[in-house]
$ cat coords_17.cif   # mmCIF, C-alpha atoms
data_start
#
loop_
_atom_site.label_atom_id
_atom_site.label_comp_id
_atom_site.auth_asym_id
_atom_site.auth_seq_id
_atom_site.Cartn_x
_atom_site.Cartn_y
_atom_site.Cartn_z
CA MET H 101 102.41 105.70 91.36
CA LYS H 102 104.21 108.63 92.99
CA CYS H 103 102.38 111.95 93.35
CA SER H 104 104.24 115.19 92.65
CA PRO H 105 103.06 118.58 93.94
CA ARG H 106 101.97 121.30 91.55
CA PRO H 107 104.03 124.50 91.63
CA LEU H 108 102.49 127.34 93.62
CA ALA H 109 101.27 130.49 91.91
CA ALA H 110 103.28 133.70 91.78
CA PRO H 111 103.15 135.87 94.92
CA VAL H 112 99.97 137.93 95.46
CA PRO H 113 98.63 139.74 98.57
CA ALA H 114 98.78 137.62 101.73
CA THR H 115 95.07 136.80 102.15
CA ALA H 116 94.62 136.07 98.46
CA ARG H 117 97.74 133.88 98.48
CA LEU H 118 96.42 131.89 101.40
CA ARG H 119 93.09 131.30 99.66
CA GLY H 120 95.03 130.25 96.56
CA LEU H 121 96.88 127.71 98.66
CA ALA H 122 93.54 126.20 99.62
CA GLY H 123 92.87 125.58 95.93
CA ALA H 124 96.33 124.06 95.48
CA VAL H 125 95.76 121.71 98.39
CA LEU H 126 92.40 120.57 97.05
CA ALA H 127 93.67 120.13 93.51
CA GLY H 128 96.56 118.04 94.77
CA LEU H 129 94.28 115.91 96.90
CA GLY H 130 92.15 115.05 93.88
CA LEU H 131 95.13 113.91 91.80
CA CYS H 132 96.65 111.84 94.55
CA PHE H 133 93.44 110.11 95.52
CA GLY H 134 92.98 109.00 91.92
CA ALA H 135 96.41 107.38 92.03
CA GLN H 136 95.60 105.50 95.25
CA ALA H 137 92.19 104.13 94.23
CA GLN H 138 93.13 100.48 94.72
CA SER H 139 94.72 100.82 98.16
CA GLN H 140 92.16 102.79 100.04
CA SER H 141 91.79 103.03 103.81
CA ASN H 142 91.21 105.72 106.37
CA ALA H 143 94.93 105.87 107.06
CA ASP H 144 95.68 106.21 103.33
CA LEU H 145 93.29 109.13 102.96
CA GLU H 146 94.70 110.89 106.02
CA ALA H 147 98.34 110.34 105.04
CA ILE H 148 97.80 111.44 101.44
CA SER H 149 95.90 114.52 102.61
CA GLN H 150 98.72 115.50 104.97
CA ARG H 151 101.46 114.98 102.34
CA TRP H 152 99.64 117.10 99.80
CA ALA H 153 98.83 119.82 102.28
CA ASP H 154 102.49 119.98 103.33
CA ALA H 155 103.67 119.98 99.70
CA ALA H 156 101.36 122.86 98.82
CA LEU H 157 102.90 124.99 101.57
CA GLN H 158 106.57 124.19 100.94
CA GLY H 159 108.74 127.14 99.98
CA GLU H 160 106.31 129.81 101.15
CA GLY H 161 109.00 131.30 103.41
CA THR H 162 110.84 132.66 100.35
CA SER H 163 107.83 133.57 98.20
CA GLY H 164 107.27 136.99 99.79
CA LEU H 165 104.38 135.82 101.98
CA PRO H 166 105.01 137.14 105.51
CA LEU H 167 103.42 134.07 107.09
CA ARG H 168 104.79 130.65 108.01
CA LEU H 169 101.96 128.31 107.09
CA GLN H 170 101.26 124.92 108.61
CA VAL H 171 98.43 122.48 107.95
CA GLN H 172 97.49 119.66 110.29
CA VAL H 173 95.08 117.11 108.87
CA GLY H 174 92.94 115.33 111.42
CA LYS H 175 91.54 111.82 111.65
CA LEU H 176 88.58 110.21 109.95
CA ASP H 177 86.15 108.26 112.12
CA SER H 178 87.86 104.91 112.73
CA ARG H 179 84.52 103.14 112.29
CA LEU H 180 84.28 104.19 108.65
CA GLN H 181 84.65 101.40 106.10
CA LEU H 182 84.93 103.06 102.70
CA ALA H 183 84.41 101.12 99.49
CA ALA H 184 87.09 101.22 96.80
CA CYS H 185 86.80 104.30 94.61
CA ALA H 186 88.40 105.13 91.26
CA LYS H 187 88.14 108.88 91.85
CA VAL H 188 87.80 110.79 95.11
CA GLU H 189 86.88 114.46 94.80
CA PRO H 190 87.87 116.85 97.60
CA TYR H 191 85.83 119.99 98.14
CA LEU H 192 85.21 122.75 100.65
CA PRO H 193 81.73 122.56 102.19
CA PRO H 194 79.61 125.72 101.67
CA GLY H 195 80.64 128.54 103.98
CA THR H 196 83.99 126.90 104.77
CA ARG H 197 87.48 128.25 104.08
CA LEU H 198 90.91 126.86 104.86
CA TRP H 199 91.74 129.18 107.75
CA GLY H 200 91.99 128.16 111.37
CA ARG H 201 89.82 125.14 112.17
CA ALA H 202 88.01 123.89 109.10
CA ARG H 203 87.09 120.68 107.30
CA ILE H 204 87.55 119.19 103.85
CA GLY H 205 84.81 117.17 102.17
CA LEU H 206 85.82 113.95 100.37
CA ARG H 207 83.36 112.23 98.06
CA CYS H 208 83.63 109.22 95.82
CA VAL H 209 82.51 110.17 92.31
CA GLN H 210 83.59 106.97 90.53
CA GLY H 211 82.85 103.87 92.50
CA ALA H 212 80.36 101.04 92.95
CA ARG H 213 79.18 102.59 96.23
CA PRO H 214 79.48 106.41 96.32
CA TRP H 215 80.34 107.91 99.70
CA ASN H 216 80.95 111.30 101.27
CA VAL H 217 83.02 112.03 104.39
CA TYR H 218 84.57 115.02 106.12
CA LEU H 219 88.16 115.37 107.26
CA PRO H 220 89.05 117.98 109.93
CA VAL H 221 91.96 120.28 109.13
CA THR H 222 93.70 123.08 111.02
CA VAL H 223 95.56 125.83 109.15
CA GLN H 224 97.99 127.96 111.15
CA ALA H 225 99.59 131.10 109.74
CA PHE H 226 102.46 132.30 111.93
CA GLY H 227 103.79 135.78 111.36
CA PRO H 228 104.72 139.06 113.05
CA ALA H 229 101.98 141.02 114.78
CA TRP H 230 101.60 143.73 117.40
CA VAL H 231 101.03 142.13 120.81
CA LEU H 232 99.94 144.06 123.88
CA ASN H 233 102.57 144.58 126.58
CA ASN H 234 99.97 145.42 129.23
CA ASN H 235 96.24 145.48 129.93
CA VAL H 236 94.23 148.27 128.28
CA ARG H 237 90.85 149.42 129.56
CA MET H 238 87.92 149.79 127.19
CA GLY H 239 87.85 153.31 125.77
CA ASP H 240 91.52 154.05 126.46
CA ALA H 241 93.58 155.28 123.51
CA LEU H 242 96.45 153.03 122.46
CA THR H 243 99.98 154.41 122.40
CA ALA H 244 103.11 153.07 120.69
CA ALA H 245 104.36 151.82 124.08
CA ASP H 246 101.33 149.56 124.55
CA ALA H 247 102.42 146.85 122.10
CA SER H 248 105.52 145.24 120.62
CA VAL H 249 106.13 142.83 117.75
CA ALA H 250 105.91 139.08 118.32
CA GLU H 251 105.01 136.03 116.28
CA VAL H 252 101.39 134.93 116.51
CA ASP H 253 99.00 132.65 114.65
CA TRP H 254 97.05 134.99 112.38
CA ALA H 255 94.51 132.23 111.70
CA GLU H 256 93.67 131.74 115.38
CA ASN H 257 90.91 134.33 115.05
CA ASP H 258 88.69 135.37 112.13
CA SER H 259 89.30 139.07 112.72
CA PRO H 260 92.30 140.31 110.66
CA VAL H 261 95.56 141.19 112.41
CA ILE H 262 96.55 144.88 112.28
CA ALA H 263 100.03 144.63 110.79
CA ASN H 264 101.11 148.29 110.69
CA GLN H 265 101.68 150.40 113.81
CA PRO H 266 100.17 153.64 112.39
CA ASP H 267 96.92 151.76 111.83
CA TRP H 268 96.30 151.24 115.57
CA VAL H 269 98.19 153.99 117.47
CA GLY H 270 95.60 156.52 118.68
CA LEU H 271 92.65 154.15 118.33
CA GLU H 272 90.55 153.18 121.36
CA ALA H 273 90.18 149.75 122.90
CA ALA H 274 86.75 148.46 121.89
CA ARG H 275 86.72 146.25 125.01
CA HIS H 276 88.97 145.43 127.94
CA LEU H 277 92.20 144.07 126.43
CA GLN H 278 94.68 141.74 128.08
CA ALA H 279 98.49 141.69 127.89
CA GLY H 280 99.57 139.11 125.29
CA GLN H 281 96.63 139.70 122.95
CA ALA H 282 97.44 140.36 119.31
CA LEU H 283 95.86 143.56 118.02
CA ARG H 284 93.07 142.74 115.58
CA GLN H 285 90.50 144.89 113.85
CA ASN H 286 87.65 143.85 116.15
CA LEU H 287 89.56 144.95 119.27
CA VAL H 288 89.97 148.64 118.41
CA ARG H 289 87.83 151.50 117.14
CA PRO H 290 88.31 155.16 116.20
CA PRO H 291 88.21 157.50 119.22
CA GLN H 292 84.73 158.82 120.03
CA LEU H 293 84.39 162.54 119.32
CA PHE H 294 81.06 162.90 121.11
CA ALA H 295 78.71 160.80 123.21
CA MET H 296 75.08 159.90 122.62
CA GLY H 297 72.89 162.84 123.54
CA ALA H 298 75.61 165.42 123.01
CA GLN H 299 74.86 168.70 121.22
CA VAL H 300 76.69 168.58 117.88
CA LYS H 301 77.19 170.79 114.86
CA VAL H 302 75.55 169.70 111.61
CA ALA H 303 76.79 170.87 108.20
CA VAL H 304 74.19 170.49 105.44
CA THR H 305 75.78 170.78 101.98
CA GLY H 306 74.09 170.94 98.61
CA GLY H 307 73.82 173.10 95.50
CA GLY H 308 77.03 174.96 96.19
CA PHE H 309 76.10 176.10 99.71
CA THR H 310 76.65 174.88 103.28
CA ILE H 311 74.35 175.54 106.21
CA ILE H 312 75.67 175.07 109.75
CA SER H 313 73.14 174.26 112.45
CA SER H 314 72.99 172.08 115.55
CA GLY H 315 71.16 169.13 116.99
CA ARG H 316 71.34 166.31 119.51
CA ALA H 317 73.26 163.15 118.58
CA MET H 318 71.20 159.96 118.67
CA GLY H 319 74.35 157.88 119.13
CA ALA H 320 78.04 158.16 119.94
CA GLY H 321 80.16 159.49 117.09
CA ALA H 322 83.67 158.67 115.84
CA GLU H 323 85.37 159.93 112.69
CA GLY H 324 83.83 158.25 109.65
CA ALA H 325 80.81 156.93 111.55
CA ASN H 326 77.28 157.43 110.26
CA VAL H 327 75.06 158.91 112.95
CA ARG H 328 71.56 160.31 113.25
CA VAL H 329 70.93 163.75 114.72
CA ARG H 330 67.66 165.24 115.96
CA MET H 331 67.71 168.85 114.87
CA ASP H 332 66.42 171.67 117.08
CA ASN H 333 63.21 171.77 114.99
CA GLY H 334 62.61 168.05 115.69
CA ARG H 335 63.65 166.78 112.27
CA LEU H 336 65.90 163.68 112.09
CA VAL H 337 68.89 163.77 109.72
CA SER H 338 71.72 161.30 109.09
CA GLY H 339 75.29 162.15 108.23
CA VAL H 340 78.97 161.21 108.51
CA VAL H 341 81.19 162.50 111.32
CA ASN H 342 84.31 164.34 110.14
CA ALA H 343 87.63 164.69 111.99
CA GLN H 344 86.38 167.80 113.83
CA GLY H 345 83.26 166.05 115.13
CA VAL H 346 80.89 167.85 112.74
CA VAL H 347 78.13 165.72 111.21
CA GLU H 348 78.19 166.31 107.44
CA VAL H 349 74.84 165.85 105.69
CA LYS H 350 74.64 165.81 101.92
#
$ encode --input "coords_17.cif" --output "structure tokens"
Amino acid sequence: MKCSPRPLAAPVPATARLRGLAGAVLAGLGLCFGAQAQSQSNADLEAISQRWADAALQGEGTSGLPLRLQVQVGKLDSRLQLAACAKVEPYLPPGTRLWGRARIGLRCVQGARPWNVYLPVTVQAFGPAWVLNNNVRMGDALTAADASVAEVDWAENDSPVIANQPDWVGLEAARHLQAGQALRQNLVRPPQLFAMGAQVKVAVTGGGFTIISSGRAMGAGAEGANVRVRMDNGRLVSGVVNAQGVVEVK
């Protein structure tokens, strides 16, 4: 019996599309395993898994998804001797997603001797990203000249790639960065407007009025960050830092 891939869903945002592909892969695996119940071996399971994974990703280059997706199915333990099974059910183990290095669970749900095994899988998602042209020291602000566009594997790291230049220009390096690194959300942070221990303005708003006072910051502050401030009278308040470095308390 020949297995035919299901059509992929209509284009949706990139991360949602990729998660949808995971469902397509798993659904396809279930159908194909049922068809191969009488000719089961480790090699069969691996080959069928790879064919279905490849089929699920075919055509994505023209679907609007800005990523070139590849799936590499690994090997089952060669020592495994699996009993014949009328229906093999693929599933994602709890806390697992098809992104980067992952694994697929395979369990026999209709057979004389039920079994459960795991198959390693690697998902790569190649697409354009901003890659550093040079080293950047922690705390330095990034400029447009610091990075250029190159193709990288978005799935190589769990932290999302920053796809748009305006979203990283002017941000600070959250650690020492190396030339060749793709800019991801965990590598940058908003510029600090004041350091821990600095004297800062505090704007307390409520009931149609605003009171401006001052205090000492209990932590470093960047725009949008929530920080605590010890007021001059000793009272602790918490507020959000605005673009001018004022801590707004409501």
$ resolve_selection --input "coords_17.cif" --expression "the PyMOL selection byres ((chain H and resi 294) around 8)" --output "count of residues only"
10
$ resolve_selection --input "coords_17.cif" --expression "the PyMOL selection byres ((chain H and resi 314) around 10)" --output "VMD selection string"
chain H and resid 299 to 303 312 to 313 315 to 317 329 to 333 346 to 347
$ atom_distance --input "coords_17.cif" --atom1 "atom CA of Val188 of chain H" --atom2 "atom CA of Asn142 of chain H"
12.8 Å
$ closest_residue --input "coords_17.cif" --among "H:Gly205, H:Gly297, H:Gly227, H:Pro214" --to "Gln170 of chain H" --atoms "all atoms listed in the file"
H:Gly227
$ atom_distance --input "coords_17.cif" --atom1 "atom CA of Asp177 of chain H" --atom2 "atom CA of Thr222 of chain H"
16.7 Å
$ residues_around --input "coords_17.cif" --residues "Thr243 of chain H" --least-positions-apart "4" --cutoff "9 Å" --atoms "only C-alpha atoms" --output "ChimeraX atom specification"
/H:247,268-271
